[in-house]
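Data block for entry_11.cif (mmCIF, C-alpha atoms and all ligand atoms):
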```
data_entry
#
loop_
_atom_site.label_atom_id
_atom_site.label_comp_id
_atom_site.auth_asym_id
_atom_site.auth_seq_id
_atom_site.Cartn_x
_atom_site.Cartn_y
_atom_site.Cartn_z
CA MET A 893 20.45 -15.51 17.93
CA LEU A 894 18.30 -12.44 17.27
CA SER A 895 14.52 -12.95 17.44
CA ALA A 896 12.34 -11.75 14.56
CA GLN A 897 10.96 -9.05 16.89
CA GLU A 898 14.48 -7.82 17.66
CA ALA A 899 15.28 -7.81 13.93
CA PHE A 900 12.19 -5.66 13.26
CA GLN A 901 13.25 -3.23 16.00
CA LEU A 902 16.78 -2.93 14.59
CA ILE A 903 15.43 -2.33 11.08
CA LEU A 904 13.05 0.37 12.31
CA LYS A 905 15.85 2.02 14.30
CA THR A 906 18.29 1.95 11.39
CA VAL A 907 16.14 2.93 8.41
CA LYS A 908 15.31 6.63 8.32
CA PRO A 909 12.19 7.87 6.48
CA ALA A 910 13.27 9.46 3.18
CA PRO A 911 13.43 13.27 3.03
CA PRO A 912 10.13 14.62 1.67
CA VAL A 913 9.85 15.71 -1.95
CA GLN A 914 7.18 17.77 -3.69
CA ARG A 915 5.04 15.82 -6.15
CA SER A 916 2.22 16.67 -8.49
CA LEU A 917 -0.96 14.75 -7.64
CA PHE A 918 -0.51 13.00 -11.00
CA ASP A 919 2.64 11.35 -9.60
CA ALA A 920 1.57 10.83 -5.98
CA TRP A 921 -0.38 7.55 -6.18
CA HIS A 922 0.66 5.06 -3.46
CA CYS A 923 2.95 7.59 -1.79
CA VAL A 924 2.70 8.53 1.91
CA LEU A 925 2.02 12.17 2.85
CA ALA A 926 4.92 13.75 4.72
CA GLU A 927 2.84 16.76 5.82
CA GLY A 928 -0.84 17.12 6.65
CA THR A 929 -3.04 19.27 4.41
CA VAL A 930 -5.89 21.73 5.06
CA SER A 931 -8.70 22.83 2.80
CA ASP A 932 -8.35 26.27 1.19
CA LEU A 933 -12.12 26.58 0.79
CA ASN A 934 -15.50 25.43 2.08
CA ILE A 935 -16.73 22.12 0.67
CA PRO A 936 -19.09 22.61 -1.02
CA PRO A 937 -18.18 26.27 -1.61
CA PHE A 938 -21.90 27.21 -1.99
CA ASP A 939 -25.34 25.67 -1.34
CA LYS A 940 -25.31 23.16 -4.15
CA ALA A 941 -28.10 21.45 -6.12
CA LEU A 942 -27.84 17.64 -6.17
CA MET A 943 -30.51 17.17 -8.84
CA ASP A 944 -31.63 18.71 -12.11
CA GLY A 945 -34.99 20.38 -11.34
CA PHE A 946 -36.30 23.46 -9.55
CA ALA A 947 -34.89 25.41 -6.62
CA VAL A 948 -37.74 26.11 -4.20
CA LYS A 949 -38.73 27.46 -0.81
CA SER A 950 -39.93 24.38 1.12
CA SER A 951 -42.43 26.58 3.02
CA ASP A 952 -44.36 27.10 -0.28
CA PHE A 953 -45.44 23.41 -0.29
CA ARG A 954 -48.67 21.89 1.04
CA ASP A 955 -48.83 18.05 1.00
CA GLY A 956 -45.84 18.07 -1.32
CA LYS A 957 -47.61 20.26 -3.88
CA ALA A 958 -47.05 23.80 -5.16
CA THR A 959 -47.44 25.91 -8.31
CA LEU A 960 -44.60 28.41 -8.67
CA GLN A 961 -43.48 31.22 -11.02
CA ILE A 962 -40.23 30.54 -12.88
CA GLN A 963 -37.60 33.31 -12.51
CA GLU A 964 -34.45 32.13 -14.35
CA THR A 965 -32.35 29.06 -15.23
CA ILE A 966 -29.20 28.46 -13.21
CA TYR A 967 -26.53 26.27 -14.83
CA ALA A 968 -23.51 24.62 -13.13
CA GLY A 969 -20.72 27.18 -13.19
CA SER A 970 -23.08 30.19 -13.29
CA VAL A 971 -24.30 32.41 -10.48
CA PRO A 972 -28.00 33.03 -9.63
CA THR A 973 -29.10 36.65 -10.06
CA ILE A 974 -32.62 36.58 -8.56
CA ALA A 975 -33.47 35.96 -4.87
CA LEU A 976 -36.63 33.84 -4.49
CA GLN A 977 -39.72 35.29 -2.87
CA SER A 978 -42.63 33.17 -1.71
CA GLY A 979 -44.33 31.58 -4.76
CA GLN A 980 -41.23 31.77 -6.92
CA THR A 981 -38.80 29.15 -8.26
CA SER A 982 -35.77 28.96 -10.59
CA GLN A 983 -34.87 26.05 -12.81
CA ILE A 984 -31.54 24.62 -11.67
CA MET A 985 -29.00 22.04 -12.88
CA THR A 986 -27.02 19.56 -10.77
CA GLY A 987 -23.96 21.27 -9.31
CA ALA A 988 -25.32 24.83 -9.64
CA PRO A 989 -25.55 27.23 -6.66
CA LEU A 990 -29.01 27.64 -5.11
CA PRO A 991 -30.46 31.14 -5.37
CA GLU A 992 -30.91 33.18 -2.22
CA GLY A 993 -34.22 32.29 -0.52
CA ALA A 994 -34.25 28.67 -1.79
CA ASP A 995 -33.76 25.85 0.70
CA ALA A 996 -34.54 22.74 -1.39
CA VAL A 997 -34.55 21.30 -4.90
CA VAL A 998 -37.35 19.33 -6.56
CA GLN A 999 -36.29 16.85 -9.21
CA ILE A 1000 -37.41 17.58 -12.77
CA GLU A 1001 -39.41 14.31 -12.96
CA HIS A 1002 -41.90 15.73 -10.42
CA CYS A 1003 -42.46 18.99 -12.33
CA GLN A 1004 -44.95 19.98 -15.07
CA ILE A 1005 -43.80 23.14 -16.85
CA ASP A 1006 -46.28 25.58 -18.39
CA GLU A 1007 -44.05 27.52 -20.82
CA ALA A 1008 -46.73 30.10 -21.71
CA ALA A 1009 -47.45 30.99 -18.07
CA ARG A 1010 -43.77 30.74 -17.08
CA SER A 1011 -44.95 28.56 -14.20
CA VAL A 1012 -44.37 25.04 -12.93
CA LYS A 1013 -46.78 22.66 -11.19
CA ILE A 1014 -44.97 20.44 -8.74
CA ASP A 1015 -46.17 17.24 -7.11
CA THR A 1016 -43.36 15.75 -5.09
CA GLY A 1017 -43.20 13.57 -1.97
CA PRO A 1018 -42.74 14.89 1.57
CA MET A 1019 -40.96 18.25 1.35
CA SER A 1020 -38.51 19.62 3.92
CA PRO A 1021 -35.67 22.17 3.98
CA GLY A 1022 -32.41 20.71 2.66
CA LYS A 1023 -33.99 18.26 0.22
CA ASN A 1024 -31.73 17.41 -2.78
CA MET A 1025 -29.16 20.06 -1.86
CA LEU A 1026 -25.83 20.12 -0.01
CA PRO A 1027 -25.41 23.19 2.25
CA GLN A 1028 -22.26 25.28 1.93
CA SER A 1029 -19.32 23.93 4.04
CA SER A 1030 -21.41 20.97 5.30
CA VAL A 1031 -18.62 18.55 4.23
CA LEU A 1032 -15.60 20.61 5.23
CA GLU A 1033 -14.91 24.17 6.36
CA ALA A 1034 -12.12 26.30 4.90
CA GLY A 1035 -8.99 25.79 7.02
CA ALA A 1036 -10.10 22.36 8.30
CA PRO A 1037 -7.64 19.44 8.11
CA VAL A 1038 -8.15 17.22 5.06
CA LEU A 1039 -5.48 14.50 5.38
CA ALA A 1040 -2.93 13.85 8.12
CA ALA A 1041 0.79 13.21 7.65
CA GLY A 1042 1.31 9.48 7.18
CA THR A 1043 -1.75 9.00 4.95
CA PHE A 1044 -1.26 6.50 2.13
CA LEU A 1045 -2.54 8.06 -1.08
CA ARG A 1046 -5.18 6.06 -2.95
CA PRO A 1047 -7.31 7.47 -5.77
CA GLN A 1048 -9.93 8.89 -3.38
CA GLU A 1049 -7.31 10.76 -1.30
CA ILE A 1050 -5.73 12.14 -4.48
CA GLY A 1051 -9.16 13.43 -5.55
CA ALA A 1052 -9.83 14.96 -2.12
CA LEU A 1053 -6.47 16.77 -2.29
CA ALA A 1054 -7.31 18.19 -5.71
CA GLU A 1055 -10.72 19.35 -4.46
CA THR A 1056 -9.25 21.14 -1.44
CA GLY A 1057 -6.52 23.07 -3.22
CA SER A 1058 -3.40 20.89 -2.88
CA PRO A 1059 -2.35 20.27 -6.50
CA THR A 1060 1.10 19.30 -5.25
CA VAL A 1061 1.90 17.51 -1.98
CA MET A 1062 4.94 16.69 0.14
CA VAL A 1063 5.47 12.91 0.09
CA ARG A 1064 8.29 10.51 0.86
CA PRO A 1065 9.55 9.02 -2.39
CA ALA A 1066 9.69 5.29 -3.08
CA PRO A 1067 13.21 3.87 -2.80
CA THR A 1068 15.25 2.48 -5.68
CA VAL A 1069 16.08 -1.12 -4.84
CA ALA A 1070 19.00 -2.86 -6.56
CA ILE A 1071 18.82 -6.65 -6.88
CA LEU A 1072 21.97 -8.73 -7.09
CA ALA A 1073 21.65 -12.51 -7.39
CA THR A 1074 24.85 -14.33 -6.45
CA GLY A 1075 25.91 -17.87 -7.33
CA ASP A 1076 28.13 -19.77 -9.77
CA GLU A 1077 25.26 -22.20 -10.38
CA LEU A 1078 22.83 -19.58 -11.72
CA VAL A 1079 21.76 -19.10 -15.33
CA ALA A 1080 19.15 -16.69 -16.72
CA PRO A 1081 15.54 -17.96 -16.93
CA GLU A 1082 15.73 -18.05 -20.75
CA GLU A 1083 18.70 -20.45 -20.67
CA SER A 1084 18.75 -24.25 -20.38
CA PRO A 1085 20.71 -25.14 -17.27
CA GLN A 1086 23.74 -27.40 -17.82
CA ALA A 1087 24.95 -29.97 -15.28
CA GLY A 1088 24.85 -28.50 -11.77
CA GLN A 1089 23.13 -25.30 -12.85
CA ILE A 1090 19.72 -23.86 -11.94
CA ARG A 1091 17.74 -20.90 -13.19
CA ASN A 1092 17.92 -17.58 -11.38
CA SER A 1093 14.33 -17.37 -10.14
CA ASN A 1094 15.03 -15.06 -7.20
CA GLU A 1095 15.95 -12.01 -9.26
CA VAL A 1096 12.63 -11.71 -11.05
CA MET A 1097 10.69 -12.80 -7.95
CA LEU A 1098 12.34 -10.04 -5.90
CA HIS A 1099 11.75 -7.63 -8.77
CA THR A 1100 8.03 -8.39 -8.52
CA GLN A 1101 7.97 -8.14 -4.72
CA ILE A 1102 9.65 -4.73 -4.95
CA GLN A 1103 7.03 -3.59 -7.46
CA GLN A 1104 4.31 -4.91 -5.19
CA ALA A 1105 5.81 -2.83 -2.36
CA ASP A 1106 5.53 0.29 -4.61
CA ALA A 1107 9.33 0.62 -4.79
CA LEU A 1108 11.54 0.84 -7.89
CA PRO A 1109 13.53 -2.30 -8.80
CA ARG A 1110 16.99 -2.02 -10.35
CA PRO A 1111 18.07 -5.55 -11.41
CA LEU A 1112 21.84 -5.98 -11.70
CA GLY A 1113 21.98 -9.55 -13.03
CA ILE A 1114 24.17 -12.30 -11.58
CA ALA A 1115 27.37 -11.91 -9.56
CA ARG A 1116 29.66 -14.94 -9.52
CA ASP A 1117 31.01 -16.37 -6.26
CA GLU A 1118 34.31 -14.69 -6.91
CA ARG A 1119 35.56 -11.65 -5.00
CA ASP A 1120 36.41 -9.19 -7.78
CA HIS A 1121 33.22 -9.74 -9.72
CA LEU A 1122 31.08 -9.65 -6.59
CA ARG A 1123 32.80 -6.47 -5.35
CA SER A 1124 32.25 -4.52 -8.57
CA LYS A 1125 28.60 -5.57 -8.68
CA ILE A 1126 28.16 -4.55 -5.02
CA GLN A 1127 29.65 -1.12 -5.81
CA GLU A 1128 27.06 -0.70 -8.54
CA GLY A 1129 24.26 -1.71 -6.17
CA LEU A 1130 25.34 0.66 -3.42
CA ASN A 1131 24.21 3.60 -5.58
CA SER A 1132 20.57 2.70 -4.94
CA ASP A 1133 18.61 3.40 -1.74
CA PHE A 1134 18.49 -0.34 -1.02
CA LEU A 1135 20.61 -3.25 -2.20
CA LEU A 1136 19.20 -6.76 -1.97
CA LEU A 1137 21.65 -9.61 -2.46
CA SER A 1138 20.34 -13.11 -2.95
CA GLY A 1139 22.48 -16.02 -1.78
CA GLY A 1140 26.01 -16.19 -0.43
CA VAL A 1141 25.16 -15.26 3.17
CA SER A 1142 25.31 -18.71 4.82
CA ALA A 1143 28.26 -20.63 6.18
CA GLY A 1144 29.56 -22.10 2.89
CA GLU A 1145 33.13 -21.52 1.73
CA ARG A 1146 31.91 -19.45 -1.20
CA ASP A 1147 29.46 -17.40 0.85
CA LEU A 1148 31.44 -14.21 0.36
CA VAL A 1149 28.65 -11.65 0.67
CA PRO A 1150 29.00 -10.54 4.35
CA ASP A 1151 32.76 -10.17 4.05
CA GLU A 1152 32.63 -8.31 0.73
CA LEU A 1153 29.94 -5.96 2.05
CA GLU A 1154 32.07 -5.07 5.05
CA GLN A 1155 35.10 -4.59 2.75
CA SER A 1156 32.92 -2.08 0.87
CA GLY A 1157 32.34 -0.04 4.02
CA VAL A 1158 28.92 -1.42 4.89
CA ARG A 1159 28.24 -1.62 8.64
CA GLN A 1160 26.62 -4.88 9.69
CA VAL A 1161 23.53 -4.35 11.86
CA PHE A 1162 22.70 -8.03 12.25
CA HIS A 1163 23.44 -11.43 10.78
CA LYS A 1164 21.18 -14.43 11.41
CA VAL A 1165 17.66 -14.34 12.79
CA ASN A 1166 15.89 -17.07 14.73
CA LEU A 1167 13.27 -18.07 12.18
CA LYS A 1168 12.61 -20.78 9.63
CA PRO A 1169 13.07 -20.37 6.73
CA GLY A 1170 15.43 -17.39 6.56
CA LYS A 1171 17.96 -17.85 9.35
CA PRO A 1172 21.06 -16.56 7.42
CA LEU A 1173 19.47 -13.11 6.81
CA TRP A 1174 22.05 -10.29 6.88
CA PHE A 1175 21.29 -6.57 7.29
CA GLY A 1176 23.55 -3.55 7.19
CA VAL A 1177 23.84 0.11 6.26
CA LEU A 1178 26.30 2.21 4.29
CA GLU A 1179 26.53 5.84 5.38
CA ARG A 1180 27.28 7.63 2.10
CA ALA A 1181 29.10 10.93 1.72
CA ASP A 1182 25.96 12.57 0.25
CA GLY A 1183 24.12 11.90 3.52
CA ASN A 1184 21.71 9.38 1.94
CA PRO A 1185 22.34 5.94 3.42
CA CYS A 1186 22.08 2.69 1.45
CA TYR A 1187 20.38 -0.17 3.30
CA ILE A 1188 21.59 -3.63 2.43
CA PHE A 1189 19.90 -6.98 2.90
CA GLY A 1190 21.71 -10.26 2.25
CA LEU A 1191 18.84 -12.67 1.63
CA PRO A 1192 19.29 -16.44 1.83
CA GLY A 1193 19.41 -18.02 -1.65
CA ASN A 1194 16.70 -20.58 -1.15
CA PRO A 1195 13.65 -19.15 -2.88
CA VAL A 1196 11.15 -19.62 -0.03
CA SER A 1197 13.62 -18.11 2.47
CA SER A 1198 14.17 -15.18 0.14
CA MET A 1199 10.44 -14.67 -0.25
CA VAL A 1200 9.69 -14.89 3.50
CA CYS A 1201 12.58 -12.57 4.42
CA PHE A 1202 11.45 -10.01 1.87
CA GLU A 1203 7.83 -10.06 3.00
CA LEU A 1204 8.71 -9.76 6.70
CA PHE A 1205 11.84 -7.63 6.83
CA VAL A 1206 12.60 -5.94 3.50
CA ARG A 1207 9.01 -4.77 3.07
CA THR A 1208 9.09 -3.33 6.61
CA ALA A 1209 12.28 -1.43 5.76
CA ILE A 1210 10.80 -0.10 2.51
CA ARG A 1211 7.63 0.99 4.32
CA GLN A 1212 9.71 2.74 6.99
CA PHE A 1213 11.66 4.55 4.23
CA MET A 1214 8.38 5.59 2.57
CA GLY A 1215 7.03 7.00 5.85
CA PHE A 1216 4.29 4.50 6.73
CA PRO A 1217 3.20 5.04 10.36
CA SER A 1218 2.97 1.23 10.92
CA PRO A 1219 5.63 -0.34 8.72
CA LYS A 1220 5.60 -3.83 10.23
CA PRO A 1221 3.56 -6.62 8.60
CA GLN A 1222 -0.03 -6.95 9.77
CA ILE A 1223 -0.79 -9.99 11.88
CA LEU A 1224 -4.12 -11.70 11.30
CA PRO A 1225 -5.36 -14.28 13.83
CA ALA A 1226 -6.81 -17.30 12.01
CA ARG A 1227 -8.28 -20.65 13.06
CA LEU A 1228 -6.59 -23.85 11.93
CA CYS A 1229 -8.77 -25.67 9.44
CA ASN A 1230 -7.28 -29.05 10.34
CA ASP A 1231 -4.92 -30.60 12.93
CA PHE A 1232 -1.30 -29.65 12.28
CA HIS A 1233 1.97 -30.97 13.61
CA SER A 1234 4.87 -28.55 13.78
CA SER A 1235 8.38 -29.66 14.67
CA GLY A 1236 10.58 -26.70 13.80
CA ASN A 1237 13.73 -26.06 15.83
CA ARG A 1238 13.04 -22.34 15.26
CA PRO A 1239 9.83 -20.27 15.00
CA THR A 1240 8.47 -21.45 11.65
CA TYR A 1241 6.70 -19.47 8.95
CA GLN A 1242 4.73 -22.13 7.07
CA PRO A 1243 3.25 -21.42 3.62
CA ALA A 1244 -0.52 -21.53 4.13
CA GLN A 1245 -3.85 -20.94 2.50
CA VAL A 1246 -6.26 -18.54 4.20
CA LYS A 1247 -9.94 -18.36 3.32
CA TRP A 1248 -12.85 -16.60 4.95
CA GLU A 1249 -15.86 -18.41 6.38
CA ALA A 1250 -18.63 -16.31 7.97
CA GLY A 1251 -16.21 -13.41 8.28
CA GLU A 1252 -13.58 -15.47 10.08
CA ALA A 1253 -10.12 -16.30 8.71
CA ILE A 1254 -9.52 -20.05 8.42
CA VAL A 1255 -5.99 -21.25 7.69
CA SER A 1256 -4.68 -24.47 6.16
CA PRO A 1257 -0.90 -24.90 6.45
CA LEU A 1258 0.47 -26.38 3.22
CA LYS A 1259 2.76 -29.35 2.77
CA THR A 1260 6.23 -28.18 1.83
CA MET A 1261 9.53 -29.85 1.03
CA GLY A 1262 11.31 -26.94 2.72
CA SER A 1263 12.85 -23.66 1.71
CA ALA A 1264 13.85 -24.84 -1.78
CA ASP A 1265 10.23 -25.77 -2.56
CA LEU A 1266 8.90 -22.66 -4.28
CA HIS A 1267 5.92 -24.65 -5.57
CA SER A 1268 4.40 -24.93 -2.11
CA THR A 1269 4.12 -21.13 -2.14
CA VAL A 1270 2.21 -21.10 -5.42
CA GLN A 1271 -0.81 -22.49 -3.53
CA ALA A 1272 -0.18 -20.10 -0.61
CA ASN A 1273 -1.67 -16.69 0.07
CA ALA A 1274 -0.14 -16.40 3.54
CA VAL A 1275 2.38 -17.81 5.99
CA ALA A 1276 1.30 -19.14 9.38
CA LEU A 1277 3.60 -18.79 12.37
CA PHE A 1278 4.28 -21.79 14.63
CA ALA A 1279 6.41 -21.69 17.78
CA THR A 1280 9.62 -23.67 18.23
CA GLY A 1281 9.31 -27.32 19.17
CA ASN A 1282 7.46 -30.53 18.58
CA GLN A 1283 3.83 -29.56 18.95
CA HIS A 1284 0.49 -30.86 17.87
CA TYR A 1285 -2.11 -28.18 17.15
CA GLN A 1286 -5.79 -29.11 17.02
CA ALA A 1287 -8.18 -27.86 14.37
CA GLY A 1288 -9.75 -24.59 15.60
CA PHE A 1289 -6.57 -23.43 17.37
CA LYS A 1290 -5.82 -19.73 16.68
CA VAL A 1291 -2.50 -18.97 14.98
CA ASP A 1292 -0.96 -15.75 13.65
CA VAL A 1293 -0.88 -15.47 9.88
CA PHE A 1294 0.66 -12.92 7.54
CA LEU A 1295 -1.15 -12.42 4.26
CA TRP A 1296 0.86 -12.38 1.02
P1 LIG A 1301 23.09 -19.85 -0.95
O1 LIG A 1301 22.32 -18.99 0.01
O2 LIG A 1301 23.91 -19.06 -1.92
O3 LIG A 1301 23.88 -20.89 -0.24
O4 LIG A 1301 22.01 -20.61 -1.80
C1 LIG A 1301 21.11 -21.50 -1.17
C2 LIG A 1301 20.30 -22.26 -2.19
O5 LIG A 1301 19.52 -21.35 -2.93
C3 LIG A 1301 21.12 -23.02 -3.20
O6 LIG A 1301 20.51 -24.25 -3.45
C4 LIG A 1301 21.09 -22.13 -4.41
O7 LIG A 1301 21.29 -22.84 -5.59
C5 LIG A 1301 19.72 -21.51 -4.32
N1 LIG A 1301 19.74 -20.22 -4.96
C6 LIG A 1301 20.65 -19.24 -4.75
N2 LIG A 1301 20.39 -18.17 -5.50
C7 LIG A 1301 19.29 -18.45 -6.20
C8 LIG A 1301 18.54 -17.74 -7.18
N3 LIG A 1301 18.89 -16.50 -7.54
N4 LIG A 1301 17.45 -18.33 -7.69
C9 LIG A 1301 17.09 -19.56 -7.31
N5 LIG A 1301 17.76 -20.29 -6.41
C10 LIG A 1301 18.85 -19.76 -5.86
MG MG A 1302 25.40 -19.33 -3.26
#
```
Mind converting the file's structure to structure tokens?
Amino acid sequence: MLSAQEAFQLILKTVKPAPPVQRSLFDAWHCVLAEGTVSDLNIPPFDKALMDGFAVKSSDFRDGKATLQIQETIYAGSVPTIALQSGQTSQIMTGAPLPEGADAVVQIEHCQIDEAARSVKIDTGPMSPGKNMLPQSSVLEAGAPVLAAGTFLRPQEIGALAETGSPTVMVRPAPTVAILATGDELVAPEESPQAGQIRNSNEVMLHTQIQQADALPRPLGIARDERDHLRSKIQEGLNSDFLLLSGGVSAGERDLVPDELEQSGVRQVFHKVNLKPGKPLWFGVLERADGNPCYIFGLPGNPVSSMVCFELFVRTAIRQFMGFPSPKPQILPARLCNDFHSSGNRPTYQPAQVKWEAGEAIVSPLKTMGSADLHSTVQANAVALFATGNQHYQAGFKVDVFLW
């Protein structure tokens, strides 16, 4: 059976980053840059005052004191017209350009203005060139790189792009992800299940996981374990960039999903991965006539399996599609809080609670009744990975965890 590492490799080999699209910065939040950007100007574009006060020549000061003749007032957005000579100053506002000859700004609180004499008496602390001002191009020079391809756009990157003259950017779009829950036993969450029925919790849980991954969910409702119904629902789902099916991928007689997918022209990449929970995971690709493939995951129906498989594998595929340079889940080493006995016949991803003590991650594996026990995950903010076999781990032992 395929190892989880081999499954990751096959996913990364199969899923191609989406073709870049141009987006306004207003629509680029949480996208990944497809091309690096450069600044079209110096930052700041001019020697800039960082305080409201007076622009001065620092050489005019003795023990932080000077009395200077006021020349003009320079507001943000205006341009100074008078170059300062020794003994002269101009009143200046935060964000305004310093006049020629000035090399520092004194804050208004340290200044006593004599309106009649058009002079100002200043008593400030130690004075040196560069005080309370930002020299032209000290942050960034025109033509310098601002952000590299592969950068994930948070609010501060979006602002930096606006500042440096990139009002639109090339990014890889988020995928549309269709969700199809399968099973004759399923009813909608708002219904009261009759004998033998359960509520369809996976659809809305996957919907939320897709949102959390910055992708666009397209819920398709429930497909019955019956070929014609399943096939028409699959056809609908294959119009999205991804199709996630929940259930119907194990060895049961009514587990029709793998067969129906292949009947629909989907090429299987793998079926079954050596992990617990999540072994029946199915992955394939449909090469569409328009050149845009659809990537299909058949997720096991048990809710914890579905959740683990999404977090490990589907999220990786979505991140690859969106152009993340490191799409795989981040591994965090954490110390076991207490002794733990693991007896899985496959590498086991155990719901766990991680907390931080003195900067170190401490993990407590949680009791679980298995892959149908969604409630054990409500307490969890991570899964901890334990190797195959009957093994006793002592408190303090370091294990790999994946944060949720
Ligand atoms: P399956 O993979 O179809 O054999 O389903 C495995 C288990 O998961 C069964 O107990 C199902 O009832 C349950 N299950 C399947 N689909 C869902 C769903 N959408 N929501 C909650 N449980 C489900
Ligand atoms: Mg089923």
Ligand LIG 1301 (chain A): which residues are within 10 Å, counting only C-alpha atoms and all ligand atoms? Reply as a count of residues only.
54
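The neighbours of Met1025 (chain A) here are the residues that come within 7 Å of it, using only C-alpha atoms and leaving out any residue fewer than 5 positions away in the same chain; they are Asp939, Lys940, Ala941, Leu942, Ala996 and Val997 of chain A.
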Contacts of region 1156-1166 of chain A within 9 Å, all atoms listed in the file, excl. fewer than 2 positions in-chain, as an NGL selection string
:A and (893-896 or 898-899 or 902-903 or 906 or 1123 or 1126-1127 or 1141-1142 or 1150-1154 or 1168 or 1170-1179 or 1186-1188 or 1190 or 1238-1239)
Among the residues A:Met1062, A:Leu1122, A:Ile1050, A:Ala1087, the one that comes closest to ligand MG 1302 (chain A) [using only C-alpha atoms and all ligand atoms]
A:Leu1122
If we count only C-alpha atoms, what is near Arg954 (chain A) at a cut-off of 12 Å, once residues fewer than 5 positions away on the same chain are taken out, given as a short mmCIF file (atom, residue, chain, number, x, y, z; two decimals) with C-alpha atoms, keeping the file's coordinate frame?
```
data_model
loop_
_atom_site.label_atom_id
_atom_site.label_comp_id
_atom_site.auth_asym_id
_atom_site.auth_seq_id
_atom_site.Cartn_x
_atom_site.Cartn_y
_atom_site.Cartn_z
CA LYS A 949 -38.73 27.46 -0.81
CA THR A 959 -47.44 25.91 -8.31
CA ILE A 1014 -44.97 20.44 -8.74
CA ASP A 1015 -46.17 17.24 -7.11
CA THR A 1016 -43.36 15.75 -5.09
CA GLY A 1017 -43.20 13.57 -1.97
CA PRO A 1018 -42.74 14.89 1.57
CA MET A 1019 -40.96 18.25 1.35
CA SER A 1020 -38.51 19.62 3.92
#
```
Which residue, A:His1099, A:Lys1023, A:Arg1046, A:Lys908, has the smallest gap to Met1199 (chain A) when you use only C-alpha atoms?
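With only C-alpha atoms as the atom set, the closest residue is A:His1099.
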Would you kindly return, as a PyMOL selection string, each protein, DNA or RNA residue with an atom no farther than 8 Å from any atom of Trp1296 (chain A), considering all atoms listed in the file and excluding same-chain residues fewer than 3 positions away?
chain A and resi 1203+1272-1275
Dump of C-alpha atoms for the selected residues, as an mmCIF file, keeping the file's coordinate frame:
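So the final result, stored in result_17.cif, reads:
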```cif
data_model
loop_
_atom_site.group_PDB
_atom_site.id
_atom_site.type_symbol
_atom_site.label_atom_id
_atom_site.label_comp_id
_atom_site.auth_asym_id
_atom_site.auth_seq_id
_atom_site.Cartn_x
_atom_site.Cartn_y
_atom_site.Cartn_z
ATOM 1 C CA GLU A 1203 7.830 -10.060 3.000
ATOM 2 C CA ALA A 1272 -0.180 -20.100 -0.610
ATOM 3 C CA ASN A 1273 -1.670 -16.690 0.070
ATOM 4 C CA ALA A 1274 -0.140 -16.400 3.540
ATOM 5 C CA VAL A 1275 2.380 -17.810 5.990
#
```
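Separating CA of Ser1234 (chain A) from CA of Leu1295 (chain A) is a distance of 19.7 Å.
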Nearby residues (only C-alpha atoms) at most 6 Å from Thr1068 (chain A), same-chain spacing under 4 positions excluded, as a ChimeraX atom specification:
/A:1108-1109,1132-1133
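The smallest atom-to-atom distance between Ala910 (chain A) and any of A:Pro1225, A:Gly1251, A:Gly1183, A:Pro1027, using all atoms listed in the file, is found for A:Gly1183.
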So how many Å separate CA of Gly969 (chain A) and CA of Leu1053 (chain A), to one decimal?
20.7 Å
